[in-house]
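Inspection log for the structure reproduced underneath, given as structure tokens.
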Amino acid sequence: MAGQSRTTPGARPASVRSPRRRAREFALQALYQWQLSGNDEAAIEAHLGDSEGFDKADREFFAGLLRGVLAQRQTLQEQLQAFLDRPFGELSPVEACILLAGAFELNNHPQTPYGVIINESVELAKGFGGTDGHKYVNGVLDKLAARLRPAEVEAKRAARNRAR
């Protein structure tokens, strides 16, 4: 996965991805490396810091996401488990990392609308995950968002209903 760059139909070309999108992609790669290799975060950050395109990523956001997920992983896994159809350890490594990062953002970045977090997670799953992994990621994070941000989710639903 590290160094891997896949494009999906409808995906934005690398040249127009925002610094935050790039940071999320690098954080996913870092989490994947951590999960498979067990390397510490400093070694992973140093390795990815030399990667092509990292200079265009939001470094502060990347570091906060990586360090935050690793620090809170047990709590995040417990929150996610309520919405999974199998034990967390049985998820594909890519989808597990995407769900951890999405759950971290939902918990710790209230200034980012939950819909943006879910959409970014779905895009990561489309680009790096299995064939239908994005659907699973969407469903799990949507349910988690309803639990963590009930007022925001309800306001969005009400606005959608008014627009109909």
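So you can find residues: chains in the structure tokens are A, B, ... in the order shown, residues in each start at 1, and ligands are numbered from 1 in order.
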Exercise for the section: Compile the contact shell of segment 109-111 of chain A as a PyMOL selection string: residues with an atom at most 12 Å away, counting only C-alpha atoms, same-chain residues fewer than 2 positions apart removed. Expected result: chain A and resi 61+64-65+68+101-107+113-117+145+148-149+151-152
With C-alpha atoms retained, export the selected residues as a PDB file, in the first residue's frame.
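Generated file (out_30.pdb):
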ATOM      1  CA  PHE A  61      -3.374  17.294  10.180  1.00  0.00           C
ATOM      2  CA  GLY A  64      -2.582  14.661  14.491  1.00  0.00           C
ATOM      3  CA  LEU A  65      -4.617  11.997  12.735  1.00  0.00           C
ATOM      4  CA  GLY A  68      -4.533  10.463  17.637  1.00  0.00           C
ATOM      5  CA  ALA A 101      -9.397   7.372  11.163  1.00  0.00           C
ATOM      6  CA  GLY A 102     -13.032   8.261  10.438  1.00  0.00           C
ATOM      7  CA  ALA A 103     -14.059   7.499  14.015  1.00  0.00           C
ATOM      8  CA  PHE A 104     -11.167   9.609  15.314  1.00  0.00           C
ATOM      9  CA  GLU A 105     -12.249  12.565  13.198  1.00  0.00           C
ATOM     10  CA  LEU A 106     -15.892  12.207  14.241  1.00  0.00           C
ATOM     11  CA  ASN A 107     -14.801  12.268  17.885  1.00  0.00           C
ATOM     12  CA  PRO A 113     -19.056  18.315   9.242  1.00  0.00           C
ATOM     13  CA  TYR A 114     -19.756  14.624   9.748  1.00  0.00           C
ATOM     14  CA  GLY A 115     -20.780  14.306   6.091  1.00  0.00           C
ATOM     15  CA  VAL A 116     -17.349  15.497   4.981  1.00  0.00           C
ATOM     16  CA  ILE A 117     -15.635  12.961   7.245  1.00  0.00           C
ATOM     17  CA  ALA A 145     -22.064   9.684  13.457  1.00  0.00           C
ATOM     18  CA  LEU A 148     -21.663  10.765  18.363  1.00  0.00           C
ATOM     19  CA  ARG A 149     -23.273  13.790  16.700  1.00  0.00           C
ATOM     20  CA  ALA A 151     -27.942  17.014  16.779  1.00  0.00           C
ATOM     21  CA  GLU A 152     -25.849  17.527  13.629  1.00  0.00           C
TER      22      GLU A 152
END
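Restricting the calculation to only C-alpha atoms, the smallest distance between Asn39 of chain A and any of A:Leu70, A:Glu25, A:Gly130, A:Leu144 is found for A:Leu70.
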Practice task
Using backbone DSSP assignments, extract all alpha helix (DSSP H) residues from segment 26-88 of chain A; output them as a ChimeraX atom specification.
Solution key: /A:26-37,41-49,59-81
Problem - Nearest candidate to Phe88 of chain A (options A:Val140, A:Leu31, A:Ala63, A:Val16; using only C-alpha atoms) - result: A:Val140
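Comparing A:Ala155, A:Ala96, A:Arg162, A:Glu90 by their smallest distance to Val137 of chain A, the closest is A:Ala96 (using only C-alpha atoms).
Distance check against Lys143 of chain A using only C-alpha atoms: of A:Asn161, A:Ser92, A:Asn108, A:Gln81, the minimum falls on A:Gln81.
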